[in-house]
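Source file: run03.pdb (PDB, C-alpha atoms and all ligand atoms)
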ATOM      1  CA  MET A 553      21.888  11.776  -5.278  1.00  0.00           C
ATOM      2  CA  THR A 554      22.605   8.597  -3.339  1.00  0.00           C
ATOM      3  CA  GLU A 555      19.829   6.553  -1.762  1.00  0.00           C
ATOM      4  CA  ALA A 556      21.070   7.543   1.682  1.00  0.00           C
ATOM      5  CA  GLU A 557      20.611  11.221   0.808  1.00  0.00           C
ATOM      6  CA  GLY A 558      17.293  11.092  -0.941  1.00  0.00           C
ATOM      7  CA  ALA A 559      14.886   9.095  -3.049  1.00  0.00           C
ATOM      8  CA  GLN A 560      15.173   5.329  -2.909  1.00  0.00           C
ATOM      9  CA  THR A 561      14.983   3.434  -6.164  1.00  0.00           C
ATOM     10  CA  SER A 562      14.323   0.031  -4.622  1.00  0.00           C
ATOM     11  CA  LEU A 563      13.729  -1.811  -1.362  1.00  0.00           C
ATOM     12  CA  GLU A 564      14.468  -5.448  -0.765  1.00  0.00           C
ATOM     13  CA  THR A 565      12.862  -7.989   1.549  1.00  0.00           C
ATOM     14  CA  GLU A 566      13.480 -11.699   1.955  1.00  0.00           C
ATOM     15  CA  ARG A 567      11.313 -12.638  -1.033  1.00  0.00           C
ATOM     16  CA  LEU A 568      10.498  -9.335  -2.726  1.00  0.00           C
ATOM     17  CA  ILE A 569      11.981  -6.423  -4.594  1.00  0.00           C
ATOM     18  CA  LEU A 570       9.995  -3.198  -4.347  1.00  0.00           C
ATOM     19  CA  ARG A 571      10.981  -0.997  -7.252  1.00  0.00           C
ATOM     20  CA  ARG A 572       9.803   2.349  -8.547  1.00  0.00           C
ATOM     21  CA  PHE A 573       7.279   2.453 -11.388  1.00  0.00           C
ATOM     22  CA  THR A 574       8.364   3.542 -14.855  1.00  0.00           C
ATOM     23  CA  PRO A 575       6.301   4.654 -17.880  1.00  0.00           C
ATOM     24  CA  ASP A 576       6.716   1.074 -19.220  1.00  0.00           C
ATOM     25  CA  ASP A 577       4.531  -0.268 -16.398  1.00  0.00           C
ATOM     26  CA  LEU A 578       1.236   0.959 -17.864  1.00  0.00           C
ATOM     27  CA  GLU A 579       0.090  -2.498 -19.014  1.00  0.00           C
ATOM     28  CA  LEU A 580       0.995  -4.101 -15.675  1.00  0.00           C
ATOM     29  CA  LEU A 581      -1.108  -1.559 -13.815  1.00  0.00           C
ATOM     30  CA  VAL A 582      -4.071  -1.793 -16.203  1.00  0.00           C
ATOM     31  CA  GLU A 583      -4.011  -5.573 -15.905  1.00  0.00           C
ATOM     32  CA  LEU A 584      -3.810  -5.486 -12.087  1.00  0.00           C
ATOM     33  CA  ASP A 585      -6.905  -3.284 -11.866  1.00  0.00           C
ATOM     34  CA  SER A 586      -8.828  -5.322 -14.437  1.00  0.00           C
ATOM     35  CA  ASP A 587      -9.526  -8.200 -12.010  1.00  0.00           C
ATOM     36  CA  PRO A 588     -12.881  -7.637 -10.261  1.00  0.00           C
ATOM     37  CA  GLU A 589     -11.613  -9.658  -7.281  1.00  0.00           C
ATOM     38  CA  VAL A 590      -8.736  -7.205  -6.869  1.00  0.00           C
ATOM     39  CA  THR A 591     -11.008  -4.143  -7.014  1.00  0.00           C
ATOM     40  CA  ARG A 592     -13.889  -5.775  -5.099  1.00  0.00           C
ATOM     41  CA  TYR A 593     -13.210  -3.950  -1.822  1.00  0.00           C
ATOM     42  CA  LEU A 594     -11.714  -0.892  -3.510  1.00  0.00           C
ATOM     43  CA  ASN A 595     -14.647   0.236  -5.611  1.00  0.00           C
ATOM     44  CA  GLY A 596     -17.094  -2.682  -5.750  1.00  0.00           C
ATOM     45  CA  GLY A 597     -15.327  -4.656  -8.500  1.00  0.00           C
ATOM     46  CA  SER A 598     -14.952  -2.252 -11.418  1.00  0.00           C
ATOM     47  CA  PRO A 599     -11.812  -2.185 -13.540  1.00  0.00           C
ATOM     48  CA  THR A 600      -9.866   1.069 -13.544  1.00  0.00           C
ATOM     49  CA  PRO A 601     -10.214   2.422 -17.106  1.00  0.00           C
ATOM     50  CA  ARG A 602      -6.951   2.384 -19.065  1.00  0.00           C
ATOM     51  CA  GLU A 603      -7.146   6.156 -19.668  1.00  0.00           C
ATOM     52  CA  VAL A 604      -7.417   6.797 -15.909  1.00  0.00           C
ATOM     53  CA  VAL A 605      -4.301   4.699 -15.289  1.00  0.00           C
ATOM     54  CA  GLU A 606      -2.479   6.384 -18.180  1.00  0.00           C
ATOM     55  CA  ARG A 607      -3.467  10.011 -17.545  1.00  0.00           C
ATOM     56  CA  ASP A 608      -3.923  10.082 -13.787  1.00  0.00           C
ATOM     57  CA  ALA A 609      -2.550   7.156 -11.778  1.00  0.00           C
ATOM     58  CA  LEU A 610       0.756   6.362 -13.478  1.00  0.00           C
ATOM     59  CA  PRO A 611       1.871  10.029 -13.821  1.00  0.00           C
ATOM     60  CA  ARG A 612       1.065  10.485 -10.125  1.00  0.00           C
ATOM     61  CA  PHE A 613       3.084   7.389  -9.255  1.00  0.00           C
ATOM     62  CA  LEU A 614       6.046   8.650 -11.297  1.00  0.00           C
ATOM     63  CA  ARG A 615       5.920  12.012  -9.507  1.00  0.00           C
ATOM     64  CA  SER A 616       6.161  10.184  -6.158  1.00  0.00           C
ATOM     65  CA  ASN A 617       9.420   8.501  -7.226  1.00  0.00           C
ATOM     66  CA  GLU A 618      11.463  11.357  -5.825  1.00  0.00           C
ATOM     67  CA  ARG A 619      10.342  10.681  -2.272  1.00  0.00           C
ATOM     68  CA  ALA A 620      12.594   9.070   0.333  1.00  0.00           C
ATOM     69  CA  HIS A 621      12.024   6.670   3.214  1.00  0.00           C
ATOM     70  CA  GLY A 622       9.553   4.372   1.524  1.00  0.00           C
ATOM     71  CA  VAL A 623       7.127   7.119   0.521  1.00  0.00           C
ATOM     72  CA  GLY A 624       5.579   6.656  -2.887  1.00  0.00           C
ATOM     73  CA  GLN A 625       4.312   3.819  -5.021  1.00  0.00           C
ATOM     74  CA  TRP A 626       6.196   0.561  -5.374  1.00  0.00           C
ATOM     75  CA  ALA A 627       5.966  -2.168  -7.982  1.00  0.00           C
ATOM     76  CA  THR A 628       6.190  -5.406  -6.022  1.00  0.00           C
ATOM     77  CA  VAL A 629       8.230  -8.104  -7.728  1.00  0.00           C
ATOM     78  CA  GLU A 630       8.805 -11.675  -6.588  1.00  0.00           C
ATOM     79  CA  LYS A 631      12.557 -12.239  -6.430  1.00  0.00           C
ATOM     80  CA  ALA A 632      12.432 -15.930  -7.296  1.00  0.00           C
ATOM     81  CA  SER A 633      10.362 -15.553 -10.480  1.00  0.00           C
ATOM     82  CA  GLY A 634      10.777 -11.882 -11.414  1.00  0.00           C
ATOM     83  CA  ASP A 635       6.965 -11.732 -11.618  1.00  0.00           C
ATOM     84  CA  PHE A 636       5.131  -8.448 -11.016  1.00  0.00           C
ATOM     85  CA  LEU A 637       2.848  -9.173  -8.040  1.00  0.00           C
ATOM     86  CA  GLY A 638       1.189  -5.789  -7.627  1.00  0.00           C
ATOM     87  CA  ARG A 639       1.538  -2.432  -5.969  1.00  0.00           C
ATOM     88  CA  VAL A 640       2.188  -1.223  -2.433  1.00  0.00           C
ATOM     89  CA  PHE A 641       2.455   2.358  -1.283  1.00  0.00           C
ATOM     90  CA  LEU A 642       2.933   4.936   1.409  1.00  0.00           C
ATOM     91  CA  ARG A 643       1.457   8.362   0.805  1.00  0.00           C
ATOM     92  CA  ILE A 644       0.847  11.641   2.563  1.00  0.00           C
ATOM     93  CA  MET A 645      -2.935  11.980   2.800  1.00  0.00           C
ATOM     94  CA  ASP A 646      -3.037  15.442   4.400  1.00  0.00           C
ATOM     95  CA  SER A 647      -0.365  17.970   3.388  1.00  0.00           C
ATOM     96  CA  ASP A 648      -0.814  19.675   6.791  1.00  0.00           C
ATOM     97  CA  HIS A 649       0.369  16.413   8.378  1.00  0.00           C
ATOM     98  CA  PRO A 650       3.387  15.131   6.459  1.00  0.00           C
ATOM     99  CA  GLU A 651       4.401  13.220   9.586  1.00  0.00           C
ATOM    100  CA  VAL A 652       1.508  10.808   8.948  1.00  0.00           C
ATOM    101  CA  LEU A 653       1.779   8.277   6.113  1.00  0.00           C
ATOM    102  CA  ASP A 654      -1.015   6.123   4.738  1.00  0.00           C
ATOM    103  CA  LEU A 655      -0.222   2.527   3.775  1.00  0.00           C
ATOM    104  CA  GLY A 656      -1.912   0.558   0.988  1.00  0.00           C
ATOM    105  CA  TYR A 657      -1.502  -2.540  -1.151  1.00  0.00           C
ATOM    106  CA  ARG A 658      -3.114  -4.494  -3.957  1.00  0.00           C
ATOM    107  CA  LEU A 659      -1.726  -7.703  -5.373  1.00  0.00           C
ATOM    108  CA  HIS A 660      -2.677 -10.106  -8.157  1.00  0.00           C
ATOM    109  CA  ARG A 661      -4.946 -12.875  -6.977  1.00  0.00           C
ATOM    110  CA  ALA A 662      -2.273 -15.496  -7.744  1.00  0.00           C
ATOM    111  CA  ALA A 663      -0.022 -13.854  -5.148  1.00  0.00           C
ATOM    112  CA  TRP A 664      -2.535 -13.828  -2.300  1.00  0.00           C
ATOM    113  CA  GLY A 665      -2.191 -15.870   0.867  1.00  0.00           C
ATOM    114  CA  GLN A 666       1.603 -16.160   0.875  1.00  0.00           C
ATOM    115  CA  GLY A 667       2.387 -13.328   3.252  1.00  0.00           C
ATOM    116  CA  TYR A 668       3.625 -11.037   0.496  1.00  0.00           C
ATOM    117  CA  ALA A 669       1.502  -7.998   1.374  1.00  0.00           C
ATOM    118  CA  THR A 670       2.579  -8.258   5.006  1.00  0.00           C
ATOM    119  CA  GLU A 671       6.238  -8.600   4.016  1.00  0.00           C
ATOM    120  CA  ALA A 672       6.025  -5.521   1.796  1.00  0.00           C
ATOM    121  CA  ALA A 673       4.036  -3.513   4.358  1.00  0.00           C
ATOM    122  CA  ARG A 674       6.564  -4.224   7.090  1.00  0.00           C
ATOM    123  CA  ALA A 675       9.421  -3.135   4.826  1.00  0.00           C
ATOM    124  CA  LEU A 676       7.681   0.146   3.968  1.00  0.00           C
ATOM    125  CA  ILE A 677       6.892   0.856   7.614  1.00  0.00           C
ATOM    126  CA  ARG A 678      10.510   0.218   8.598  1.00  0.00           C
ATOM    127  CA  ALA A 679      11.703   2.516   5.791  1.00  0.00           C
ATOM    128  CA  ALA A 680       9.231   5.206   6.861  1.00  0.00           C
ATOM    129  CA  PHE A 681      10.194   5.189  10.531  1.00  0.00           C
ATOM    130  CA  ALA A 682      13.862   5.503   9.513  1.00  0.00           C
ATOM    131  CA  ASP A 683      12.848   9.125   8.916  1.00  0.00           C
ATOM    132  CA  PRO A 684      12.684  10.658  12.436  1.00  0.00           C
ATOM    133  CA  SER A 685       9.987  13.086  11.324  1.00  0.00           C
ATOM    134  CA  ILE A 686       7.484  10.290  10.618  1.00  0.00           C
ATOM    135  CA  GLN A 687       5.214   9.744  13.621  1.00  0.00           C
ATOM    136  CA  ARG A 688       2.322   7.602  12.482  1.00  0.00           C
ATOM    137  CA  ILE A 689       1.317   5.065   9.818  1.00  0.00           C
ATOM    138  CA  THR A 690      -2.367   4.785   8.993  1.00  0.00           C
ATOM    139  CA  ALA A 691      -4.371   2.441   6.785  1.00  0.00           C
ATOM    140  CA  GLY A 692      -8.024   2.080   5.950  1.00  0.00           C
ATOM    141  CA  ALA A 693     -10.239  -0.618   4.466  1.00  0.00           C
ATOM    142  CA  ILE A 694     -13.808  -1.613   3.884  1.00  0.00           C
ATOM    143  CA  ALA A 695     -14.748  -3.475   7.069  1.00  0.00           C
ATOM    144  CA  ASP A 696     -15.498  -6.702   5.157  1.00  0.00           C
ATOM    145  CA  ASN A 697     -11.988  -6.788   3.661  1.00  0.00           C
ATOM    146  CA  ILE A 698     -10.658  -9.298   6.169  1.00  0.00           C
ATOM    147  CA  ALA A 699      -7.437 -10.016   4.248  1.00  0.00           C
ATOM    148  CA  SER A 700      -6.515  -6.332   4.236  1.00  0.00           C
ATOM    149  CA  ARG A 701      -7.335  -5.938   7.927  1.00  0.00           C
ATOM    150  CA  ARG A 702      -5.246  -8.988   8.726  1.00  0.00           C
ATOM    151  CA  VAL A 703      -2.267  -7.489   6.851  1.00  0.00           C
ATOM    152  CA  MET A 704      -2.635  -4.283   8.888  1.00  0.00           C
ATOM    153  CA  GLU A 705      -2.691  -6.274  12.114  1.00  0.00           C
ATOM    154  CA  LYS A 706       0.273  -8.430  11.143  1.00  0.00           C
ATOM    155  CA  ALA A 707       2.189  -5.253  10.249  1.00  0.00           C
ATOM    156  CA  GLY A 708       1.517  -3.914  13.758  1.00  0.00           C
ATOM    157  CA  LEU A 709      -1.390  -1.522  13.174  1.00  0.00           C
ATOM    158  CA  THR A 710      -4.416  -1.520  15.453  1.00  0.00           C
ATOM    159  CA  LEU A 711      -8.025  -0.519  14.910  1.00  0.00           C
ATOM    160  CA  VAL A 712      -8.641   3.144  15.727  1.00  0.00           C
ATOM    161  CA  ARG A 713     -12.236   3.676  14.648  1.00  0.00           C
ATOM    162  CA  SER A 714     -14.916   2.685  12.187  1.00  0.00           C
ATOM    163  CA  PHE A 715     -17.380   4.880  10.354  1.00  0.00           C
ATOM    164  CA  ARG A 716     -19.729   4.867   7.390  1.00  0.00           C
ATOM    165  CA  ALA A 717     -18.864   6.781   4.217  1.00  0.00           C
ATOM    166  CA  SER A 718     -19.566   6.865   0.497  1.00  0.00           C
ATOM    167  CA  ARG A 719     -17.475   7.966  -2.463  1.00  0.00           C
ATOM    168  CA  PRO A 720     -18.864   8.950  -5.843  1.00  0.00           C
ATOM    169  CA  GLY A 721     -18.323   6.170  -8.392  1.00  0.00           C
ATOM    170  CA  HIS A 722     -17.473   3.619  -5.715  1.00  0.00           C
ATOM    171  CA  PHE A 723     -19.872   0.814  -4.748  1.00  0.00           C
ATOM    172  CA  GLY A 724     -22.621   2.481  -6.766  1.00  0.00           C
ATOM    173  CA  GLY A 725     -22.427   5.461  -4.408  1.00  0.00           C
ATOM    174  CA  LEU A 726     -23.634   3.302  -1.496  1.00  0.00           C
ATOM    175  CA  GLU A 727     -22.291   3.922   1.987  1.00  0.00           C
ATOM    176  CA  GLN A 728     -19.763   1.392   3.268  1.00  0.00           C
ATOM    177  CA  GLU A 729     -18.464   0.570   6.725  1.00  0.00           C
ATOM    178  CA  ILE A 730     -14.838   1.755   6.828  1.00  0.00           C
ATOM    179  CA  VAL A 731     -12.246   0.703   9.390  1.00  0.00           C
ATOM    180  CA  ALA A 732      -9.280   2.939  10.195  1.00  0.00           C
ATOM    181  CA  TYR A 733      -6.064   1.459  11.601  1.00  0.00           C
ATOM    182  CA  ALA A 734      -2.878   3.128  12.812  1.00  0.00           C
ATOM    183  CA  LEU A 735       0.575   2.496  14.216  1.00  0.00           C
ATOM    184  CA  ASP A 736       2.386   5.194  16.196  1.00  0.00           C
ATOM    185  CA  ARG A 737       6.168   5.452  16.203  1.00  0.00           C
ATOM    186  CA  ALA A 738       6.398   4.682  19.942  1.00  0.00           C
ATOM    187  CA  ASP A 739       4.388   1.483  19.508  1.00  0.00           C
ATOM    188  CA  TRP A 740       6.427   0.434  16.479  1.00  0.00           C
ATOM    189  CA  GLU A 741       9.644   1.011  18.454  1.00  0.00           C
ATOM    190  CA  ARG A 742       8.266  -1.091  21.315  1.00  0.00           C
ATOM    191  CA  GLN A 743       7.240  -3.862  18.896  1.00  0.00           C
ATOM    192  CA  ASN A 744      10.709  -3.855  17.326  1.00  0.00           C
ATOM    193  CA  ALA A 745      12.790  -3.323  20.467  1.00  0.00           C
ATOM    194  CA  ASP A 746      14.658  -6.589  19.903  1.00  0.00           C
ATOM    195  CA  GLN A 747      15.419  -5.865  16.207  1.00  0.00           C
ATOM    196  CA  PRO A 748      18.868  -4.605  15.228  1.00  0.00           C
TER     197      PRO A 748
HETATM  198  C1  LIG B 801      -5.306  -7.415   0.792  1.00  0.00           C
HETATM  199  C2  LIG B 801      -4.211  -8.161   0.028  1.00  0.00           C
HETATM  200  C3  LIG B 801      -3.171  -7.173  -0.473  1.00  0.00           C
HETATM  201  C4  LIG B 801      -3.553  -9.159   0.981  1.00  0.00           C
HETATM  202  O1  LIG B 801      -2.441  -9.721   0.316  1.00  0.00           O
HETATM  203  P1  LIG B 801      -1.768 -11.094   0.795  1.00  0.00           P
HETATM  204  O2  LIG B 801      -0.386 -11.124   0.247  1.00  0.00           O
HETATM  205  O3  LIG B 801      -2.668 -12.231   0.504  1.00  0.00           O
HETATM  206  O4  LIG B 801      -1.714 -10.874   2.368  1.00  0.00           O
HETATM  207  P2  LIG B 801      -0.932 -11.790   3.424  1.00  0.00           P
HETATM  208  O5  LIG B 801      -0.732 -13.158   2.854  1.00  0.00           O
HETATM  209  O6  LIG B 801       0.265 -11.040   3.877  1.00  0.00           O
HETATM  210  O7  LIG B 801      -1.957 -11.844   4.629  1.00  0.00           O
HETATM  211  C5  LIG B 801      -3.328 -12.102   4.398  1.00  0.00           C
HETATM  212  C6  LIG B 801      -3.972 -12.580   5.685  1.00  0.00           C
HETATM  213  O8  LIG B 801      -5.382 -12.502   5.566  1.00  0.00           O
HETATM  214  C7  LIG B 801      -5.944 -13.772   5.836  1.00  0.00           C
HETATM  215  N1  LIG B 801      -7.163 -13.873   5.041  1.00  0.00           N
HETATM  216  C8  LIG B 801      -7.300 -13.713   3.725  1.00  0.00           C
HETATM  217  N2  LIG B 801      -8.593 -13.829   3.381  1.00  0.00           N
HETATM  218  C9  LIG B 801      -9.272 -14.078   4.529  1.00  0.00           C
HETATM  219  C10 LIG B 801     -10.635 -14.308   4.842  1.00  0.00           C
HETATM  220  N3  LIG B 801     -11.569 -14.273   3.888  1.00  0.00           N
HETATM  221  N4  LIG B 801     -10.984 -14.530   6.121  1.00  0.00           N
HETATM  222  C11 LIG B 801     -10.032 -14.550   7.103  1.00  0.00           C
HETATM  223  N5  LIG B 801      -8.719 -14.326   6.870  1.00  0.00           N
HETATM  224  C12 LIG B 801      -8.359 -14.108   5.581  1.00  0.00           C
HETATM  225  C13 LIG B 801      -4.859 -14.746   5.452  1.00  0.00           C
HETATM  226  O9  LIG B 801      -5.074 -16.019   6.029  1.00  0.00           O
HETATM  227  C14 LIG B 801      -3.642 -14.030   6.026  1.00  0.00           C
HETATM  228  O10 LIG B 801      -3.609 -14.084   7.417  1.00  0.00           O
HETATM  229  P3  LIG B 801      -2.720 -15.164   8.234  1.00  0.00           P
HETATM  230  O11 LIG B 801      -1.292 -14.958   7.800  1.00  0.00           O
HETATM  231  O12 LIG B 801      -2.960 -14.834   9.652  1.00  0.00           O
HETATM  232  O13 LIG B 801      -3.216 -16.523   7.847  1.00  0.00           O
HETATM  233  C15 LIG B 801      -4.813  -8.949  -1.157  1.00  0.00           C
HETATM  234  O14 LIG B 801      -5.856  -9.751  -0.690  1.00  0.00           O
HETATM  235  C16 LIG B 801      -5.318  -8.039  -2.254  1.00  0.00           C
HETATM  236  O15 LIG B 801      -4.562  -7.566  -3.090  1.00  0.00           O
HETATM  237  N6  LIG B 801      -6.660  -7.772  -2.272  1.00  0.00           N
HETATM  238  C17 LIG B 801      -7.254  -6.937  -3.295  1.00  0.00           C
HETATM  239  C18 LIG B 801      -6.889  -5.459  -3.155  1.00  0.00           C
HETATM  240  C19 LIG B 801      -7.292  -4.934  -1.791  1.00  0.00           C
HETATM  241  O16 LIG B 801      -8.379  -5.222  -1.299  1.00  0.00           O
HETATM  242  N7  LIG B 801      -6.386  -4.184  -1.192  1.00  0.00           N
HETATM  243  C20 LIG B 801      -6.610  -3.597   0.104  1.00  0.00           C
HETATM  244  C21 LIG B 801      -7.492  -2.421   0.006  1.00  0.00           C
HETATM  245  S1  LIG B 801      -7.755  -1.721   1.632  1.00  0.00           S
END
What would the structure in this file look like if it were written as structure tokens?
Ligand SMILES: CC(C)(COP(=O)(O)OP(=O)(O)OC[C@H]1O[C@@H](n2cnc3c(N)ncnc32)[C@H](O)[C@@H]1OP(=O)(O)O)[C@@H](O)C(=O)NCCC(=O)NCCS
Amino acid sequence: MTEAEGAQTSLETERLILRRFTPDDLELLVELDSDPEVTRYLNGGSPTPREVVERDALPRFLRSNERAHGVGQWATVEKASGDFLGRVFLRIMDSDHPEVLDLGYRLHRAAWGQGYATEAARALIRAAFADPSIQRITAGAIADNIASRRVMEKAGLTLVRSFRASRPGHFGGLEQEIVAYALDRADWERQNADQP
């Protein structure tokens, strides 16, 4: 299968290569989720246990490798150094609505503040909207996660609503303020009207 027909194996931006995960990436993923600053706004700062990455997360990521148009999980690599910077993704959250994709990202602390998450997010959104069936990109964050919200805004998403919610095992079960952002195809097309 060629990339034009189906699953993409990599995406390239000015400074990044987004590549599919392989079984060899276990250590990279465990290490990424072992920094409490990285998981601070994801679960309150807990590392993801190695066995969860090995038995749950990585197999799920590998299964998503067959998807086209940016859908799935992407290892984010800095072109200049070859360094693994982290993970970005697009996923279907509700199987009744495959036309809606949810965007996410988490990078090593050393990579923060250089526009990398925005660069990767924009590339995934462009890849997603290349599929005419995709109508909307969503993203969510803890309200206090200003960096994440800023990435959403720079990638063209706007705030849709905020609400309070809790998840077992996250933030000690305490409710958090969640912000939901979205970008509709028509708005993305308007924003990119001058792009080739
Ligand atoms: C969220 C994350 C991926 C952003 O990555 P990044 O590569 O640093 O993002 P970018 O450089 O593209 O953009 C970050 C923006 O947030 C801004 N920012 C970061 N921290 C900020 C803060 N505390 N207050 C205000 N703005 C802040 C930056 O200045 C930048 O905006 P600017 O370009 O207008 O100056 C990164 O912080 C991360 O991995 N965090 C841990 C995991 C996580 O929380 N993921 C999101 C879960 S919803």
Pick from A:Asp746, A:Asp654, A:Glu741, A:Glu727 nearest to ligand LIG 801 (chain B), counting only C-alpha atoms and all ligand atoms: A:Asp654
Produce as a PyMOL selection string the set of residues near ligand LIG 801 (chain B), where near means within 8 Å with all atoms listed in the file considered. chain A and resi 589-594+638+656-661+663-671+691-694+697-703+706
Next, dump the selected residues to file, keeping only C-alpha atoms, as a short mmCIF file (atom, residue, chain, number, x, y, z; two decimals), in the coordinates of the input.
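What follows is the written file out.cif:
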data_model
loop_
_atom_site.label_atom_id
_atom_site.label_comp_id
_atom_site.auth_asym_id
_atom_site.auth_seq_id
_atom_site.Cartn_x
_atom_site.Cartn_y
_atom_site.Cartn_z
CA GLU A 589 -11.61 -9.66 -7.28
CA VAL A 590 -8.74 -7.20 -6.87
CA THR A 591 -11.01 -4.14 -7.01
CA ARG A 592 -13.89 -5.78 -5.10
CA TYR A 593 -13.21 -3.95 -1.82
CA LEU A 594 -11.71 -0.89 -3.51
CA GLY A 638 1.19 -5.79 -7.63
CA GLY A 656 -1.91 0.56 0.99
CA TYR A 657 -1.50 -2.54 -1.15
CA ARG A 658 -3.11 -4.49 -3.96
CA LEU A 659 -1.73 -7.70 -5.37
CA HIS A 660 -2.68 -10.11 -8.16
CA ARG A 661 -4.95 -12.88 -6.98
CA ALA A 663 -0.02 -13.85 -5.15
CA TRP A 664 -2.54 -13.83 -2.30
CA GLY A 665 -2.19 -15.87 0.87
CA GLN A 666 1.60 -16.16 0.88
CA GLY A 667 2.39 -13.33 3.25
CA TYR A 668 3.62 -11.04 0.50
CA ALA A 669 1.50 -8.00 1.37
CA THR A 670 2.58 -8.26 5.01
CA GLU A 671 6.24 -8.60 4.02
CA ALA A 691 -4.37 2.44 6.78
CA GLY A 692 -8.02 2.08 5.95
CA ALA A 693 -10.24 -0.62 4.47
CA ILE A 694 -13.81 -1.61 3.88
CA ASN A 697 -11.99 -6.79 3.66
CA ILE A 698 -10.66 -9.30 6.17
CA ALA A 699 -7.44 -10.02 4.25
CA SER A 700 -6.52 -6.33 4.24
CA ARG A 701 -7.34 -5.94 7.93
CA ARG A 702 -5.25 -8.99 8.73
CA VAL A 703 -2.27 -7.49 6.85
CA LYS A 706 0.27 -8.43 11.14
#
Could you tell me which of A:Leu735, A:Ile689, A:Ala707, A:Leu578 comes closest to Glu651 (chain A) if we count all atoms listed in the file?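 The answer is A:Ile689, which sits nearest to Glu651 (chain A).
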What does the distance from CA of Ala627 (chain A) to CA of Leu570 (chain A) come to in Å, to one decimal? 5.5 Å
Taking only residues of region 669-728 of chain A that have an atom at most 7 Å from an atom of region 609-624 of chain A, what is each one's shortest atom pair and its distance in Å to one decimal, using only C-alpha atoms, in chain and number order, as CSV?
residue,atom,partner,partner_atom,distance
A:Leu676,CA,A:Gly622,CA,5.2
A:Ala679,CA,A:His621,CA,4.9
A:Ala680,CA,A:His621,CA,4.8
A:Ala682,CA,A:His621,CA,6.7
A:Asp683,CA,A:His621,CA,6.3
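A straight line drawn from CA of Leu584 (chain A) to CA of Arg643 (chain A) is 19.6 Å long.
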So for region 685-701 of chain A, what box centre and size do we get, axis-aligned, 8 Å extra on each of the six sides, every listed atom, Å to one decimal, as JSON?
{"center_x": -2.8, "center_y": 1.5, "center_z": 8.6, "size_x": 41.5, "size_y": 39.1, "size_z": 26.0}
Nearest to Arg602 (chain A), chosen from A:Val629, A:Leu580, A:Ala675, A:Leu709, with all atoms listed in the file counted in the distances: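 For Arg602 (chain A), the nearest of the candidates is A:Leu580.
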For Thr690 (chain A), find every residue with an atom within 10 Å (counting all atoms listed in the file), except residues of its own chain fewer than 4 positions away, and show them as an NGL selection string. :A and (642-645 or 652-656 or 704 or 709-712 or 732-736)
Give as an NGL selection string the set of residues within 9 Å of the point (11.3, -10.8, 0.9), where distances use the file's coordinates and all atoms listed in the file. :A and (564-569 or 630-631 or 668 or 671-672 or 675)
Next, the residues of the selection above should be written as a PDB file, keeping the file's coordinate frame with C-alpha atoms.
ATOM      1  CA  GLU A 564      14.468  -5.448  -0.765  1.00  0.00           C
ATOM      2  CA  THR A 565      12.862  -7.989   1.549  1.00  0.00           C
ATOM      3  CA  GLU A 566      13.480 -11.699   1.955  1.00  0.00           C
ATOM      4  CA  ARG A 567      11.313 -12.638  -1.033  1.00  0.00           C
ATOM      5  CA  LEU A 568      10.498  -9.335  -2.726  1.00  0.00           C
ATOM      6  CA  ILE A 569      11.981  -6.423  -4.594  1.00  0.00           C
ATOM      7  CA  GLU A 630       8.805 -11.675  -6.588  1.00  0.00           C
ATOM      8  CA  LYS A 631      12.557 -12.239  -6.430  1.00  0.00           C
ATOM      9  CA  TYR A 668       3.625 -11.037   0.496  1.00  0.00           C
ATOM     10  CA  GLU A 671       6.238  -8.600   4.016  1.00  0.00           C
ATOM     11  CA  ALA A 672       6.025  -5.521   1.796  1.00  0.00           C
ATOM     12  CA  ALA A 675       9.421  -3.135   4.826  1.00  0.00           C
TER      13      ALA A 675
END
Starting from the point (-21.8, 10.1, 5.0), work out which residues of protein, DNA or RNA have an atom no more than 10 Å away when counting all atoms listed in the file; state them as JSON, numbers by chain. {"A": [715, 716, 717, 718, 719, 726, 727, 728]}
Write the residues of the preceding selection, restricted to C-alpha atoms, as a PDB file, keeping the file's coordinate frame.
ATOM      1  CA  PHE A 715     -17.380   4.880  10.354  1.00  0.00           C
ATOM      2  CA  ARG A 716     -19.729   4.867   7.390  1.00  0.00           C
ATOM      3  CA  ALA A 717     -18.864   6.781   4.217  1.00  0.00           C
ATOM      4  CA  SER A 718     -19.566   6.865   0.497  1.00  0.00           C
ATOM      5  CA  ARG A 719     -17.475   7.966  -2.463  1.00  0.00           C
ATOM      6  CA  LEU A 726     -23.634   3.302  -1.496  1.00  0.00           C
ATOM      7  CA  GLU A 727     -22.291   3.922   1.987  1.00  0.00           C
ATOM      8  CA  GLN A 728     -19.763   1.392   3.268  1.00  0.00           C
TER       9      GLN A 728
END
